[in-house]
$ cat start31.cif   # mmCIF, C-alpha atoms
data_query
#
loop_
_atom_site.label_atom_id
_atom_site.label_comp_id
_atom_site.auth_asym_id
_atom_site.auth_seq_id
_atom_site.Cartn_x
_atom_site.Cartn_y
_atom_site.Cartn_z
CA MET A 1 -24.27 -96.17 -4.10
CA PRO A 2 -26.34 -94.18 -1.57
CA GLY A 3 -25.03 -90.65 -1.13
CA VAL A 4 -22.74 -90.90 -4.18
CA ASP A 5 -23.36 -89.81 -7.76
CA LEU A 6 -21.27 -91.30 -10.58
CA LEU A 7 -20.32 -89.96 -13.99
CA ARG A 8 -18.23 -91.17 -16.90
CA ALA A 9 -17.96 -88.73 -19.81
CA ARG A 10 -15.90 -87.30 -22.66
CA TYR A 11 -16.26 -83.65 -23.59
CA VAL A 12 -14.66 -81.73 -26.46
CA ARG A 13 -16.53 -78.46 -26.90
CA LYS A 14 -18.42 -78.54 -23.61
CA ASN A 15 -18.23 -75.42 -21.42
CA PHE A 16 -19.67 -75.78 -17.94
CA VAL A 17 -20.95 -72.44 -16.70
CA ARG A 18 -20.12 -71.29 -13.19
CA HIS A 19 -22.03 -73.57 -10.84
CA THR A 20 -21.81 -75.52 -7.61
CA HIS A 21 -22.48 -79.05 -6.37
CA GLU A 22 -23.97 -80.12 -3.08
CA ASN A 23 -21.49 -83.01 -3.05
CA PHE A 24 -17.74 -83.26 -3.42
CA VAL A 25 -16.33 -83.67 -6.94
CA ILE A 26 -13.54 -86.22 -7.39
CA ALA A 27 -12.84 -86.36 -11.12
CA ALA A 28 -10.15 -88.73 -12.41
CA ILE A 29 -8.78 -87.54 -15.74
CA ALA A 30 -8.10 -90.41 -18.14
CA ASP A 31 -7.16 -88.48 -21.31
CA GLY A 32 -6.76 -84.86 -22.37
CA VAL A 33 -6.88 -81.83 -20.10
CA GLU A 34 -9.70 -80.20 -18.16
CA VAL A 35 -9.48 -76.54 -17.17
CA PHE A 36 -11.73 -75.28 -14.40
CA HIS A 37 -11.85 -71.87 -12.75
CA TYR A 38 -11.90 -72.43 -9.02
CA ARG A 39 -11.07 -70.27 -6.02
CA GLY A 40 -9.89 -67.34 -8.14
CA ALA A 41 -7.68 -69.11 -10.70
CA ASP A 42 -7.72 -71.47 -13.69
CA ARG A 43 -6.74 -75.01 -12.68
CA TYR A 44 -5.37 -77.56 -15.16
CA ALA A 45 -5.88 -81.30 -14.66
CA GLY A 46 -4.37 -83.71 -17.17
CA ALA A 47 -4.24 -87.47 -17.55
CA GLY A 48 -3.25 -89.14 -14.29
CA ALA A 49 -4.49 -86.22 -12.19
CA LEU A 50 -7.63 -85.57 -10.17
CA ALA A 51 -9.76 -82.44 -10.20
CA LEU A 52 -11.12 -81.91 -6.69
CA VAL A 53 -13.93 -79.52 -5.81
CA ASP A 54 -15.45 -78.95 -2.37
CA PRO A 55 -19.25 -78.74 -1.92
CA ASP A 56 -21.03 -75.45 -2.60
CA THR A 57 -17.92 -73.93 -4.19
CA PRO A 58 -18.41 -72.17 -7.57
CA HIS A 59 -16.38 -73.50 -10.48
CA THR A 60 -16.50 -73.86 -14.26
CA GLY A 61 -15.17 -76.52 -16.68
CA ARG A 62 -13.83 -76.66 -20.23
CA ALA A 63 -11.31 -78.44 -22.42
CA GLY A 64 -7.68 -77.43 -22.12
CA VAL A 65 -6.61 -79.08 -25.39
CA PRO A 66 -8.35 -79.45 -28.79
CA GLU A 67 -9.19 -83.10 -28.22
CA GLY A 68 -11.05 -82.30 -24.99
CA TRP A 69 -10.92 -84.49 -21.94
CA ARG A 70 -12.24 -87.84 -20.74
CA TYR A 71 -12.84 -88.61 -17.11
CA GLY A 72 -14.60 -90.68 -14.55
CA ALA A 73 -16.00 -88.88 -11.52
CA VAL A 74 -17.53 -89.72 -8.18
CA TYR A 75 -19.59 -87.22 -6.20
CA PRO A 76 -19.73 -88.34 -2.55
CA SER A 77 -21.93 -86.35 -0.22
CA PRO A 78 -20.40 -84.31 2.62
CA GLU A 79 -21.85 -86.83 5.05
CA VAL A 80 -20.12 -89.73 3.29
CA VAL A 81 -16.75 -87.95 3.23
CA ALA A 82 -17.08 -86.81 6.85
CA GLY A 83 -17.84 -90.36 7.93
CA ILE A 84 -14.81 -91.73 6.10
CA ALA A 85 -12.59 -88.97 7.52
CA ALA A 86 -13.73 -89.69 11.06
CA GLU A 87 -12.98 -93.41 10.69
CA THR A 88 -9.70 -93.31 8.82
CA THR A 89 -7.94 -89.96 9.37
CA SER A 90 -7.04 -87.55 12.16
CA LEU A 91 -8.84 -84.63 10.49
CA ARG A 92 -11.14 -82.68 12.75
CA GLY A 93 -14.06 -80.47 11.79
CA THR A 94 -15.65 -80.59 8.36
CA PRO A 95 -13.13 -82.16 5.94
CA GLY A 96 -12.28 -80.74 2.53
CA PHE A 97 -9.50 -80.76 -0.05
CA VAL A 98 -6.57 -78.34 0.16
CA ALA A 99 -5.33 -78.37 -3.46
CA PRO A 100 -7.82 -78.52 -6.36
CA VAL A 101 -5.53 -80.67 -8.56
CA VAL A 102 -3.58 -83.70 -7.34
CA ASP A 103 -1.27 -85.74 -9.55
CA ASP A 104 -1.77 -89.25 -8.23
CA PRO A 105 -2.27 -91.99 -10.85
CA TYR A 106 -2.97 -94.54 -8.12
CA SER A 107 -6.01 -92.60 -6.88
CA VAL A 108 -7.10 -92.05 -10.49
CA GLY A 109 -7.05 -95.82 -10.94
CA LEU A 110 -9.10 -96.30 -7.78
CA VAL A 111 -11.81 -93.93 -9.02
CA HIS A 112 -12.06 -95.79 -12.33
CA GLN A 113 -12.25 -99.08 -10.42
CA VAL A 114 -15.18 -97.66 -8.41
CA LEU A 115 -17.00 -96.90 -11.66
CA ARG A 116 -16.27 -100.35 -13.12
CA ALA A 117 -17.52 -102.07 -9.97
CA ALA A 118 -20.70 -99.98 -10.08
CA ASP A 119 -21.17 -100.88 -13.76
CA GLU A 120 -20.96 -104.54 -12.81
CA GLY A 121 -23.47 -104.11 -9.99
CA ASN A 122 -20.86 -104.98 -7.37
CA ALA A 123 -21.91 -102.54 -4.66
CA LEU A 124 -19.59 -104.06 -2.04
CA ALA A 125 -16.51 -103.56 -4.20
CA ALA A 126 -17.60 -100.09 -5.32
CA ASP A 127 -18.19 -98.91 -1.74
CA THR A 128 -14.91 -100.42 -0.53
CA LEU A 129 -12.87 -98.87 -3.34
CA LEU A 130 -14.54 -95.50 -2.82
CA ARG A 131 -13.58 -95.53 0.85
CA VAL A 132 -9.99 -96.42 -0.03
CA ALA A 133 -9.82 -93.61 -2.62
CA VAL A 134 -11.33 -90.96 -0.34
CA THR A 135 -9.12 -92.00 2.56
CA ARG A 136 -6.00 -91.76 0.39
CA LEU A 137 -6.97 -88.33 -0.96
CA LEU A 138 -7.80 -86.97 2.49
CA ARG A 139 -4.44 -88.18 3.82
CA LEU A 140 -2.60 -86.72 0.83
CA ASN A 141 -4.57 -83.52 0.48
CA GLY A 142 -7.13 -83.14 3.24
CA GLY A 143 -7.79 -80.23 5.54
CA PRO A 144 -10.64 -78.35 7.23
CA LEU A 145 -13.29 -77.13 4.82
CA PRO A 146 -13.21 -73.31 4.67
CA GLN A 147 -16.17 -71.77 6.43
CA ARG A 148 -17.98 -68.70 5.17
CA GLU A 149 -17.94 -65.85 7.65
CA VAL A 150 -21.38 -64.40 8.35
CA ARG A 151 -20.38 -61.86 10.98
CA THR A 152 -20.50 -58.74 8.83
CA ALA A 153 -23.66 -56.86 7.91
CA GLY A 154 -22.98 -57.60 4.22
CA ALA A 155 -22.70 -61.33 4.85
CA ARG A 156 -25.91 -61.37 6.87
CA MET A 157 -27.62 -59.47 4.07
CA ALA A 158 -26.44 -62.06 1.52
CA VAL A 159 -27.66 -64.94 3.67
CA ARG A 160 -31.07 -63.35 4.01
CA ALA A 161 -31.24 -62.71 0.26
CA ARG A 162 -30.45 -66.37 -0.38
CA GLU A 163 -33.23 -67.42 1.99
CA VAL A 164 -35.73 -65.23 0.13
CA LEU A 165 -34.68 -66.69 -3.23
CA GLU A 166 -34.96 -70.24 -1.90
CA GLU A 167 -38.42 -69.58 -0.47
CA ARG A 168 -39.71 -67.91 -3.65
CA MET A 169 -37.75 -69.76 -6.27
CA ALA A 170 -40.66 -70.11 -8.71
CA GLU A 171 -41.54 -66.40 -8.52
CA PRO A 172 -38.47 -64.53 -7.28
CA PRO A 173 -38.30 -60.76 -6.87
CA SER A 174 -36.16 -58.59 -9.13
CA LEU A 175 -32.80 -57.39 -7.82
CA ASP A 176 -34.31 -54.00 -7.03
CA GLY A 177 -37.31 -55.62 -5.39
CA LEU A 178 -35.12 -57.91 -3.30
CA ALA A 179 -32.94 -54.99 -2.24
CA GLN A 180 -35.99 -52.96 -1.22
CA GLU A 181 -37.32 -55.87 0.85
CA LEU A 182 -34.01 -56.05 2.69
CA GLY A 183 -33.73 -52.30 3.04
CA VAL A 184 -30.42 -51.96 1.17
CA GLY A 185 -29.17 -50.63 -2.14
CA SER A 186 -29.09 -52.89 -5.21
CA PHE A 187 -25.35 -52.54 -5.78
CA ALA A 188 -24.57 -53.16 -2.11
CA LEU A 189 -26.67 -56.35 -2.23
CA LEU A 190 -25.05 -57.50 -5.47
CA ARG A 191 -21.55 -56.97 -4.09
CA ALA A 192 -22.34 -58.70 -0.78
CA PHE A 193 -23.95 -61.68 -2.50
CA ARG A 194 -20.99 -62.16 -4.86
CA ASP A 195 -18.55 -61.94 -1.97
CA MET A 196 -20.50 -64.54 -0.01
CA TYR A 197 -21.46 -67.05 -2.71
CA GLY A 198 -19.06 -66.40 -5.58
CA MET A 199 -21.73 -65.48 -8.12
CA PRO A 200 -24.48 -62.88 -8.53
CA PRO A 201 -28.02 -63.65 -7.33
CA HIS A 202 -29.43 -64.49 -10.78
CA ALA A 203 -26.65 -67.03 -11.46
CA TRP A 204 -27.04 -68.53 -8.00
CA LEU A 205 -30.80 -68.81 -8.57
CA THR A 206 -30.33 -70.69 -11.85
CA ASP A 207 -27.92 -73.06 -10.11
CA ALA A 208 -30.37 -73.60 -7.24
CA ARG A 209 -33.24 -74.25 -9.65
CA VAL A 210 -31.26 -76.96 -11.40
CA ARG A 211 -30.41 -78.55 -8.04
CA ARG A 212 -34.06 -78.62 -7.04
CA ALA A 213 -35.08 -79.91 -10.45
CA ARG A 214 -32.68 -82.82 -9.98
CA LEU A 215 -34.42 -83.75 -6.73
CA LEU A 216 -37.81 -83.59 -8.44
CA LEU A 217 -36.58 -85.73 -11.33
CA ASP A 218 -35.19 -88.26 -8.84
CA GLY A 219 -38.66 -88.45 -7.31
CA GLY A 220 -40.33 -89.17 -10.66
CA THR A 221 -41.56 -85.68 -11.62
CA SER A 222 -41.52 -85.19 -15.38
CA PRO A 223 -39.04 -82.66 -16.82
CA ALA A 224 -41.90 -80.42 -17.98
CA GLU A 225 -43.47 -80.38 -14.51
CA ALA A 226 -40.10 -79.90 -12.82
CA ALA A 227 -39.34 -76.92 -15.05
CA VAL A 228 -42.51 -75.10 -13.97
CA ALA A 229 -42.10 -76.09 -10.31
CA VAL A 230 -38.66 -74.51 -9.99
CA GLY A 231 -39.50 -71.37 -11.95
CA PHE A 232 -38.23 -71.94 -15.49
CA THR A 233 -40.50 -70.63 -18.24
CA ASP A 234 -40.80 -74.03 -19.90
CA GLN A 235 -38.98 -77.34 -20.39
CA PRO A 236 -36.58 -76.03 -23.09
CA HIS A 237 -35.26 -73.50 -20.56
CA LEU A 238 -34.72 -76.29 -18.04
CA ASN A 239 -33.09 -78.45 -20.72
CA ARG A 240 -30.60 -75.73 -21.61
CA HIS A 241 -29.56 -74.82 -18.07
CA PHE A 242 -29.61 -78.43 -16.83
CA ALA A 243 -27.28 -79.59 -19.62
CA ARG A 244 -24.95 -76.61 -19.08
CA ILE A 245 -24.57 -77.45 -15.38
CA VAL A 246 -25.11 -81.21 -15.01
CA GLY A 247 -23.67 -82.18 -18.40
CA VAL A 248 -26.65 -84.17 -19.70
CA PRO A 249 -30.28 -83.21 -20.53
CA PRO A 250 -32.86 -83.76 -17.76
CA GLY A 251 -34.66 -86.52 -19.67
CA ALA A 252 -31.47 -88.55 -20.08
CA TYR A 253 -30.56 -87.90 -16.45
CA GLN A 254 -33.94 -89.14 -15.25
CA ARG A 255 -33.84 -92.27 -17.43
CA GLU A 256 -30.43 -93.23 -16.07
CA ARG A 257 -31.53 -92.64 -12.47
CA LYS A 258 -34.62 -94.78 -13.08
CA ASN A 259 -32.46 -97.57 -14.50
CA VAL A 260 -30.34 -97.51 -11.36
CA GLN A 261 -33.41 -97.57 -9.12
CA ASP A 262 -34.88 -100.48 -11.11
CA VAL A 263 -31.66 -102.46 -10.74
CA ARG A 264 -31.60 -101.80 -6.98
CA SER A 265 -35.22 -102.89 -6.61
CA GLY A 266 -34.73 -106.02 -8.69
CA THR A 267 -37.07 -104.93 -11.49
CA PHE A 268 -34.54 -106.09 -14.10
#
$ encode --input "start31.cif" --output "structure tokens"
Amino acid sequence: MPGVDLLRARYVRKNFVRHTHENFVIAAIADGVEVFHYRGADRYAGAGALALVDPDTPHTGRAGVPEGWRYGAVYPSPEVVAGIAAETTSLRGTPGFVAPVVDDPYSVGLVHQVLRAADEGNALAADTLLRVAVTRLLRLNGGPLPQREVRTAGARMAVRAREVLEERMAEPPSLDGLAQELGVGSFALLRAFRDMYGMPPHAWLTDARVRRARLLLDGGTSPAEAAVAVGFTDQPHLNRHFARIVGVPPGAYQRERKNVQDVRSGTF
């Protein structure tokens, strides 16, 4: 499904570190309870509920009960969601979700149907069901996506710091070095960056490296080469951070993506 990632998983002891996604997260909980820290509070999503996360919004993830949680998730891109919102709702601006947890077994069922249709290779059904699910959730729980204010000097400083880290991801400056380049104090930069992006620069950089590594893996770059390209010391460092954020090791992720591409191209 172009513009949509899919995941079906069960986790018991898994702890997702604070991270972000470029896409929306629509996770349908089948069993157990997931707890995720999001927008300043712990959120609890149990069976029959959906965990909803907007793009580029820091969050964590862990089990809320000893048996863990099982879920199916779809990750539609902002462009996909915006297109659906424009066609099927009255929302204006960039759409997002108001509440991070919604108890709606019907929508949970729709998400699992999307995954089943994708498993069966029925792209028409999967795309149709996804549009129905997103439309329903936007009508139940949609609103304008919060926009980060960049009017203050601190916000502008944080944006510039992010640009430097993106440009020099493989060889980034230290916090002191970055602060000196921007002509500010280290603590002022740290505070401004956290206020703007919800995490300190080093955590944001790790998150950004994993994102870029995913794109390289999608393009066929080996995990070892991707690790060096994004600035990790070696592949084991990429493996550890990738699994902590994405939920699977980079090698397994790449194999699954290749299987999907082979099916689409008719190789199988």
$ atom_distance --input "start31.cif" --atom1 "atom CA of Lys258 of chain A" --atom2 "atom CA of Ala243 of chain A"
18.1 Å
$ residues_around --input "start31.cif" --residues "Leu178 of chain A" --least-positions-apart "5" --cutoff "10 Å" --atoms "only C-alpha atoms" --output "MDAnalysis selection string"
chainID A and resid 160:161 164:165 172:173 183:186 189 201
$ resolve_selection --input "start31.cif" --expression "the PyMOL selection byres ((chain A and resi 103) around 6)" --output "number ranges by chain"
A: 49, 102, 104
$ write_last_selection --input "start31.cif" --atoms "C-alpha atoms" --output "PDB file, in the coordinates of the input"
ATOM      1  CA  ALA A  49      -4.490 -86.220 -12.190  1.00  0.00           C
ATOM      2  CA  VAL A 102      -3.580 -83.700  -7.340  1.00  0.00           C
ATOM      3  CA  ASP A 104      -1.770 -89.250  -8.230  1.00  0.00           C
TER       4      ASP A 104
END
$ resolve_selection --input "start31.cif" --expression "the PyMOL selection byres ((chain A and resi 123) around 12)" --output "list in words"
Met1, Pro2, Val4, Gln113, Val114, Leu115, Arg116, Ala117, Ala118, Asp119, Glu120, Gly121, Asn122, Leu124, Ala125, Ala126, Asp127, Thr128, Leu129, Leu130, Val260, Val263 and Arg264 of chain A
$ atom_distance --input "start31.cif" --atom1 "atom CA of Glu166 of chain A" --atom2 "atom CA of Phe232 of chain A"
14.1 Å
$ closest_residue --input "start31.cif" --among "A:His241, A:Asp31, A:Leu216, A:Phe97" --to "Ala229 of chain A" --atoms "only C-alpha atoms"
A:Leu216
